[in-house]
$ cat start-v9.csv   # CSV, C-alpha atoms
chain,number,residue,atom,x,y,z
T,1,MET,CA,25.0,16.7,22.3
T,2,ASP,CA,21.8,15.1,23.6
T,3,TRP,CA,22.0,11.3,23.4
T,4,LEU,CA,18.6,11.3,21.6
T,5,ASP,CA,20.0,13.7,19.0
T,6,GLN,CA,22.7,11.2,18.2
T,7,VAL,CA,20.2,8.7,16.9
T,8,LYS,CA,19.6,9.1,13.2
T,9,TRP,CA,15.8,9.0,13.0
T,10,ASP,CA,14.4,8.1,9.6
T,11,ALA,CA,12.1,10.3,7.5
T,12,ASP,CA,9.2,9.3,9.7
T,13,GLY,CA,11.1,10.1,12.9
T,14,LEU,CA,11.5,6.4,13.7
T,15,VAL,CA,14.3,4.0,14.5
T,16,PRO,CA,14.2,0.2,14.1
T,17,VAL,CA,14.6,-1.7,17.4
T,18,ILE,CA,15.6,-5.3,18.1
T,19,ALA,CA,14.7,-6.9,21.4
T,20,GLN,CA,17.0,-9.7,22.5
T,21,GLU,CA,16.5,-11.8,25.6
T,22,GLN,CA,19.2,-11.3,28.1
T,23,GLY,CA,19.7,-14.9,29.3
T,24,THR,CA,19.1,-16.9,26.2
T,25,LYS,CA,20.2,-14.2,23.7
T,26,ASP,CA,17.1,-15.2,21.6
T,27,VAL,CA,15.9,-12.4,19.3
T,28,LEU,CA,12.4,-11.9,20.6
T,29,MET,CA,10.9,-9.3,18.4
T,30,PHE,CA,11.5,-6.3,16.1
T,31,ALA,CA,9.6,-3.0,16.4
T,32,TRP,CA,10.0,0.8,16.0
T,33,MET,CA,10.6,3.7,18.4
T,34,ASN,CA,10.2,7.4,17.9
T,35,ARG,CA,12.1,9.9,20.0
T,36,GLU,CA,9.4,9.9,22.8
T,37,ALA,CA,9.4,6.1,22.9
T,38,LEU,CA,13.1,5.8,23.3
T,39,ALA,CA,13.2,8.5,26.0
T,40,ALA,CA,10.3,6.7,27.8
T,41,THR,CA,12.1,3.4,27.5
T,42,ALA,CA,15.3,4.8,29.1
T,43,ALA,CA,13.2,6.6,31.8
T,44,ARG,CA,11.1,3.6,32.8
T,45,GLY,CA,13.5,0.8,32.2
T,46,GLN,CA,10.8,-1.0,30.3
T,47,ALA,CA,10.4,-1.2,26.5
T,48,VAL,CA,8.1,1.5,25.0
T,49,TYR,CA,7.7,1.2,21.3
T,50,PHE,CA,5.9,3.3,18.7
T,51,SER,CA,3.0,1.5,17.0
T,52,ARG,CA,3.0,2.4,13.3
T,53,SER,CA,-0.4,0.9,12.8
T,54,ARG,CA,-2.0,2.6,15.8
T,55,LYS,CA,0.2,5.7,15.4
T,56,ARG,CA,0.8,6.0,19.2
T,57,LEU,CA,3.2,5.0,21.9
T,58,TRP,CA,2.9,1.3,22.8
T,59,HIS,CA,4.1,0.3,26.2
T,60,LYS,CA,4.8,-3.4,25.5
T,61,GLY,CA,2.7,-5.4,27.9
T,62,GLU,CA,0.1,-2.7,28.4
T,63,GLU,CA,-2.7,-5.2,27.3
T,64,SER,CA,-1.0,-8.6,27.6
T,65,GLY,CA,1.0,-7.9,30.9
T,66,HIS,CA,4.0,-9.3,28.9
T,67,TYR,CA,6.3,-6.3,29.5
T,68,GLN,CA,10.0,-6.1,28.9
T,69,GLU,CA,12.5,-5.0,31.5
T,70,VAL,CA,15.4,-3.3,29.7
T,71,HIS,CA,18.9,-4.0,30.9
T,72,ASP,CA,20.9,-2.5,28.2
T,73,MET,CA,20.5,-0.4,25.1
T,74,ARG,CA,22.9,-0.3,22.2
T,75,LEU,CA,23.2,1.8,19.1
T,76,ASP,CA,24.8,0.6,15.9
T,77,CYS,CA,27.7,2.0,13.9
T,78,ASP,CA,25.4,4.2,11.7
T,79,ALA,CA,23.4,5.3,14.7
T,80,ASP,CA,20.2,4.2,13.0
T,81,VAL,CA,19.3,0.9,14.8
T,82,VAL,CA,18.8,0.2,18.5
T,83,LEU,CA,19.4,-3.2,20.2
T,84,LEU,CA,17.7,-3.8,23.6
T,85,SER,CA,18.8,-6.5,26.0
T,86,VAL,CA,15.6,-7.4,27.9
T,87,THR,CA,13.9,-9.8,30.3
T,88,GLN,CA,10.5,-10.7,29.0
T,89,HIS,CA,8.1,-10.8,32.0
T,90,GLY,CA,4.5,-11.8,32.5
T,91,HIS,CA,4.5,-15.5,31.7
T,92,GLU,CA,6.8,-18.4,32.3
T,93,PRO,CA,8.2,-19.5,29.8
T,94,ALA,CA,8.5,-16.0,28.4
T,95,ILE,CA,6.1,-14.9,25.7
T,96,ALA,CA,7.1,-11.9,23.5
T,97,CYS,CA,4.9,-12.6,20.5
T,98,HIS,CA,1.2,-11.6,20.2
T,99,THR,CA,0.6,-15.1,18.8
T,100,GLY,CA,1.4,-16.5,22.3
T,101,ARG,CA,4.9,-17.7,21.2
T,102,HIS,CA,8.3,-17.1,22.9
T,103,SER,CA,9.7,-15.2,19.9
T,104,CYS,CA,8.2,-13.5,16.9
T,105,PHE,CA,10.7,-15.4,14.7
T,106,PHE,CA,8.9,-18.7,14.7
T,107,GLN,CA,8.7,-19.3,10.9
T,108,ARG,CA,11.8,-21.1,9.6
T,109,PHE,CA,12.7,-21.4,5.9
T,110,ASP,CA,13.1,-25.1,5.0
T,111,GLY,CA,14.3,-24.5,1.5
T,112,LEU,CA,10.8,-24.4,-0.1
T,113,GLN,CA,8.6,-22.5,2.4
T,114,TRP,CA,8.3,-20.9,5.8
T,115,GLN,CA,7.5,-23.5,8.4
T,116,THR,CA,6.2,-22.8,11.9
T,117,VAL,CA,8.7,-24.3,14.3
T,118,GLU,CA,7.8,-22.8,17.7
T,119,PRO,CA,4.8,-23.8,19.9
T,120,VAL,CA,2.1,-21.5,21.1
T,121,LEU,CA,2.7,-21.2,24.9
T,122,LYS,CA,-0.6,-19.5,25.6
T,123,ASP,CA,-3.8,-19.0,23.6
T,124,PRO,CA,-3.7,-15.4,22.4
T,125,GLU,CA,-7.5,-15.2,23.1
T,126,SER,CA,-6.7,-15.5,26.8
T,127,ILE,CA,-3.8,-13.0,26.6
T,128,TYR,CA,-5.8,-10.2,25.0
T,129,ARG,CA,-9.1,-10.3,26.9
H,1,MET,CA,2.3,-19.6,-2.7
H,2,ASP,CA,5.9,-18.7,-3.4
H,3,TRP,CA,7.9,-18.3,-0.2
H,4,LEU,CA,9.1,-14.9,-1.5
H,5,ASP,CA,5.5,-13.8,-1.9
H,6,GLN,CA,4.8,-14.6,1.7
H,7,VAL,CA,7.2,-11.8,2.8
H,8,LYS,CA,5.4,-8.5,3.3
H,9,TRP,CA,7.7,-6.2,1.4
H,10,ASP,CA,7.5,-2.5,2.5
H,11,ALA,CA,6.6,0.4,0.2
H,12,ASP,CA,10.1,0.4,-1.2
H,13,GLY,CA,10.1,-3.4,-1.8
H,14,LEU,CA,12.4,-4.0,1.2
H,15,VAL,CA,12.4,-6.1,4.4
H,16,PRO,CA,14.5,-5.4,7.5
H,17,VAL,CA,17.1,-8.2,8.2
H,18,ILE,CA,18.8,-9.0,11.5
H,19,ALA,CA,22.0,-11.1,11.3
H,20,GLN,CA,22.8,-13.1,14.4
H,21,GLU,CA,26.0,-15.1,15.0
H,22,GLN,CA,25.2,-18.8,15.2
H,23,GLY,CA,27.6,-19.8,18.0
H,24,THR,CA,27.5,-16.8,20.3
H,25,LYS,CA,24.0,-15.6,19.4
H,26,ASP,CA,25.5,-12.0,19.2
H,27,VAL,CA,23.4,-9.7,17.0
H,28,LEU,CA,26.0,-8.7,14.5
H,29,MET,CA,24.3,-6.3,12.2
H,30,PHE,CA,21.0,-5.0,10.7
H,31,ALA,CA,20.5,-4.4,7.0
H,32,TRP,CA,17.8,-4.6,4.3
H,33,MET,CA,16.9,-7.0,1.5
H,34,ASN,CA,14.8,-6.7,-1.5
H,35,ARG,CA,13.2,-9.8,-3.2
H,36,GLU,CA,16.3,-10.4,-5.4
H,37,ALA,CA,18.6,-10.2,-2.4
H,38,LEU,CA,16.6,-12.7,-0.3
H,39,ALA,CA,16.4,-15.1,-3.3
H,40,ALA,CA,20.2,-14.7,-3.8
H,41,THR,CA,20.8,-15.3,-0.1
H,42,ALA,CA,18.8,-18.5,-0.1
H,43,ALA,CA,20.4,-19.7,-3.4
H,44,ARG,CA,24.1,-19.0,-2.4
H,45,GLY,CA,23.8,-19.7,1.3
H,46,GLN,CA,25.6,-16.4,2.0
H,47,ALA,CA,24.1,-13.1,3.0
H,48,VAL,CA,23.2,-10.8,0.1
H,49,TYR,CA,21.7,-7.5,1.2
H,50,PHE,CA,20.3,-4.5,-0.7
H,51,SER,CA,22.3,-1.4,-0.1
H,52,ARG,CA,19.9,1.5,0.2
H,53,SER,CA,22.7,4.1,-0.2
H,54,ARG,CA,24.2,2.4,-3.3
H,55,LYS,CA,20.8,1.2,-4.5
H,56,ARG,CA,22.2,-2.2,-5.6
H,57,LEU,CA,22.6,-5.7,-4.3
H,58,TRP,CA,25.5,-6.0,-1.8
H,59,HIS,CA,27.0,-9.4,-1.3
H,60,LYS,CA,28.3,-8.9,2.2
H,61,GLY,CA,32.1,-9.4,2.1
H,62,GLU,CA,32.5,-8.6,-1.6
H,63,GLU,CA,35.0,-5.9,-0.7
H,64,SER,CA,36.1,-6.9,2.8
H,65,GLY,CA,36.2,-10.6,2.4
H,66,HIS,CA,34.0,-10.8,5.6
H,67,TYR,CA,31.2,-12.8,4.1
H,68,GLN,CA,28.4,-14.4,6.1
H,69,GLU,CA,27.5,-18.1,5.8
H,70,VAL,CA,23.8,-18.4,6.4
H,71,HIS,CA,22.6,-21.5,8.3
H,72,ASP,CA,19.0,-20.5,9.0
H,73,MET,CA,16.5,-17.9,7.9
H,74,ARG,CA,13.4,-17.0,9.9
H,75,LEU,CA,10.4,-14.8,9.3
H,76,ASP,CA,8.5,-13.0,12.0
H,77,CYS,CA,4.8,-13.2,12.9
H,78,ASP,CA,3.9,-10.3,10.7
H,79,ALA,CA,6.1,-11.7,7.8
H,80,ASP,CA,7.9,-8.4,7.6
H,81,VAL,CA,11.2,-9.0,9.3
H,82,VAL,CA,13.9,-11.7,8.6
H,83,LEU,CA,16.3,-13.1,11.1
H,84,LEU,CA,19.5,-14.8,9.8
H,85,SER,CA,21.6,-17.2,11.8
H,86,VAL,CA,25.1,-16.8,10.3
H,87,THR,CA,28.8,-17.6,10.6
H,88,GLN,CA,30.8,-14.5,10.1
H,89,HIS,CA,33.9,-15.5,8.0
H,90,GLY,CA,37.1,-13.7,6.8
H,91,HIS,CA,38.7,-12.8,10.1
H,92,GLU,CA,39.3,-14.4,13.5
H,93,PRO,CA,37.8,-13.2,15.7
H,94,ALA,CA,34.9,-12.4,13.5
H,95,ILE,CA,34.3,-8.9,12.1
H,96,ALA,CA,30.8,-8.0,10.9
H,97,CYS,CA,31.1,-4.2,11.2
H,98,HIS,CA,32.7,-1.9,8.6
H,99,THR,CA,34.4,-0.1,11.5
H,100,GLY,CA,36.5,-3.3,12.1
H,101,ARG,CA,34.5,-4.4,15.1
H,102,HIS,CA,32.8,-7.8,15.9
H,103,SER,CA,29.3,-6.3,15.9
H,104,CYS,CA,27.8,-3.1,14.7
H,105,PHE,CA,26.1,-2.7,18.1
H,106,PHE,CA,29.2,-1.4,19.9
H,107,GLN,CA,27.7,1.8,21.4
H,108,ARG,CA,26.2,1.3,24.8
H,109,PHE,CA,23.9,3.7,26.6
H,110,ASP,CA,25.3,4.5,30.0
H,111,GLY,CA,22.4,6.6,31.2
H,112,LEU,CA,23.7,9.9,29.7
H,113,GLN,CA,25.3,9.0,26.4
H,114,TRP,CA,26.3,6.3,23.9
H,115,GLN,CA,29.7,4.9,24.9
H,116,THR,CA,31.8,2.8,22.6
H,117,VAL,CA,32.4,-0.5,24.4
H,118,GLU,CA,33.8,-2.8,21.8
H,119,PRO,CA,37.4,-2.8,20.4
H,120,VAL,CA,38.4,-2.4,16.8
H,121,LEU,CA,39.8,-5.8,15.8
H,122,LYS,CA,41.3,-4.6,12.5
H,123,ASP,CA,41.9,-1.2,11.0
H,124,PRO,CA,39.1,-0.5,8.5
H,125,GLU,CA,41.8,1.1,6.2
H,126,SER,CA,43.4,-2.3,5.8
H,127,ILE,CA,40.0,-4.0,5.4
H,128,TYR,CA,38.8,-1.8,2.5
H,129,ARG,CA,41.9,-1.4,0.3
$ encode --input "start-v9.csv" --output "structure tokens"
Amino acid sequence: MDWLDQVKWDADGLVPVIAQEQGTKDVLMFAWMNREALAATAARGQAVYFSRSRKRLWHKGEESGHYQEVHDMRLDCDADVVLLSVTQHGHEPAIACHTGRHSCFFQRFDGLQWQTVEPVLKDPESIYR
Amino acid sequence: MDWLDQVKWDADGLVPVIAQEQGTKDVLMFAWMNREALAATAARGQAVYFSRSRKRLWHKGEESGHYQEVHDMRLDCDADVVLLSVTQHGHEPAIACHTGRHSCFFQRFDGLQWQTVEPVLKDPESIYR
């Protein structure tokens, strides 16, 4: 059986994907892939997602230069979620989020509300010229 | 604005949730929450998910005893994904997966296929009696 057929794609032909930084093990971002995106990710060794808003393949870093080198891909017990181990390239310290932050998970619940707890490392205006 | 209203619930009223182990930073599992589940998680300090198959709240560990103590909750940049930092209780070493493994992400892509690379720590038959 083809490894791509082993993935349980959802009704839209997508699978949720978690990108985790190899060294720090920080969870950097969450996105989606379709079959073509997952195949492209494996072939290039760089993360290629499917943009649900733009309805097309999205080679992470294509605009920002902040691409993700993929070291390892894992599938969960139900074969419907993918976990990537990546190195986030293009800026030091690494920026995965379109807001210019290290990780997309920068809002922490303090018991009453979500508080921004991570700094902007680079102005997004200068990332997406 | 209520913190629960800041979450961008999907068309089914759900949000994807990633559970990461506090000490090791291993990604343990992926599941979904509705508004009630997220509120319950915050109130109890233990992970309460929404089971899409059973269409009801699912207090993780309610059958297995393998509950998750929640230390930290984060929301991503688009406010549509939640990341939990947890301690996985009920067994030593910790078991988050219903297959009796530490993490649900135990199938690694070797270039041709998904290979199981994590051991079963406890027979699932003896977990779900």
$ closest_atom_pairs --input "start-v9.csv" --of "chain H" --to "chain T" --cutoff "6 Å" --atoms "only C-alpha atoms" --output "JSON lines"
{"residue": "H:Trp3", "atom": "CA", "partner": "T:Gln113", "partner_atom": "CA", "distance": 5.0}
{"residue": "H:Lys25", "atom": "CA", "partner": "T:Lys25", "partner_atom": "CA", "distance": 5.9}
{"residue": "H:Met73", "atom": "CA", "partner": "T:Phe109", "partner_atom": "CA", "distance": 5.5}
{"residue": "H:Arg74", "atom": "CA", "partner": "T:Arg108", "partner_atom": "CA", "distance": 4.4}
{"residue": "H:Leu75", "atom": "CA", "partner": "T:Gln107", "partner_atom": "CA", "distance": 5.1}
{"residue": "H:Asp76", "atom": "CA", "partner": "T:Phe105", "partner_atom": "CA", "distance": 4.2}
{"residue": "H:Cys77", "atom": "CA", "partner": "T:Cys104", "partner_atom": "CA", "distance": 5.3}
{"residue": "H:Cys104", "atom": "CA", "partner": "T:Asp76", "partner_atom": "CA", "distance": 4.9}
{"residue": "H:Phe105", "atom": "CA", "partner": "T:Asp76", "partner_atom": "CA", "distance": 4.2}
{"residue": "H:Gln107", "atom": "CA", "partner": "T:Leu75", "partner_atom": "CA", "distance": 5.1}
{"residue": "H:Arg108", "atom": "CA", "partner": "T:Arg74", "partner_atom": "CA", "distance": 4.5}
{"residue": "H:Phe109", "atom": "CA", "partner": "T:Met73", "partner_atom": "CA", "distance": 5.5}
{"residue": "H:Gln113", "atom": "CA", "partner": "T:Trp3", "partner_atom": "CA", "distance": 5.0}
$ residues_near_point --input "start-v9.csv" --point "(23.2, -8.0, 0.1)" --cutoff "9 Å" --atoms "only C-alpha atoms" --output "ChimeraX atom specification"
/H:31-34,37-38,40-41,46-51,56-60
$ closest_residue --input "start-v9.csv" --among "T:Glu63, T:Glu21, T:Asp5, T:Asp12" --to "Tyr128 (chain T)" --atoms "all atoms listed in the file"
T:Glu63
$ residues_near_point --input "start-v9.csv" --point "(39.0, -9.4, 16.0)" --cutoff "12 Å" --atoms "all atoms listed in the file" --output "short mmCIF file (atom, residue, chain, number, x, y, z; two decimals) with C-alpha atoms, in the frame of the given file"
data_model
loop_
_atom_site.label_atom_id
_atom_site.label_comp_id
_atom_site.auth_asym_id
_atom_site.auth_seq_id
_atom_site.Cartn_x
_atom_site.Cartn_y
_atom_site.Cartn_z
CA HIS H 66 34.00 -10.80 5.60
CA GLN H 88 30.80 -14.50 10.10
CA HIS H 89 33.90 -15.50 8.00
CA GLY H 90 37.10 -13.70 6.80
CA HIS H 91 38.70 -12.80 10.10
CA GLU H 92 39.30 -14.40 13.50
CA PRO H 93 37.80 -13.20 15.70
CA ALA H 94 34.90 -12.40 13.50
CA ILE H 95 34.30 -8.90 12.10
CA ALA H 96 30.80 -8.00 10.90
CA CYS H 97 31.10 -4.20 11.20
CA THR H 99 34.40 -0.10 11.50
CA GLY H 100 36.50 -3.30 12.10
CA ARG H 101 34.50 -4.40 15.10
CA HIS H 102 32.80 -7.80 15.90
CA SER H 103 29.30 -6.30 15.90
CA GLU H 118 33.80 -2.80 21.80
CA PRO H 119 37.40 -2.80 20.40
CA VAL H 120 38.40 -2.40 16.80
CA LEU H 121 39.80 -5.80 15.80
CA LYS H 122 41.30 -4.60 12.50
CA ASP H 123 41.90 -1.20 11.00
CA PRO H 124 39.10 -0.50 8.50
CA ILE H 127 40.00 -4.00 5.40
#
$ closest_residue --input "start-v9.csv" --among "T:Ala19, T:Arg52, T:Lys8, T:Arg35" --to "Gln68 (chain T)" --atoms "only C-alpha atoms"
T:Ala19
$ closest_residue --input "start-v9.csv" --among "T:Gly23, T:Val86, T:Val15, T:Asp10" --to "Gly45 (chain T)" --atoms "all atoms listed in the file"
T:Val86
$ atom_distance --input "start-v9.csv" --atom1 "CA of Glu36 (chain H)" --atom2 "CA of Gly13 (chain T)"
28.0 Å
$ atom_distance --input "start-v9.csv" --atom1 "CA of Arg54 (chain H)" --atom2 "CA of Ser126 (chain H)"
21.8 Å
$ atom_distance --input "start-v9.csv" --atom1 "CA of Trp9 (chain H)" --atom2 "CA of Ala39 (chain H)"
13.3 Å
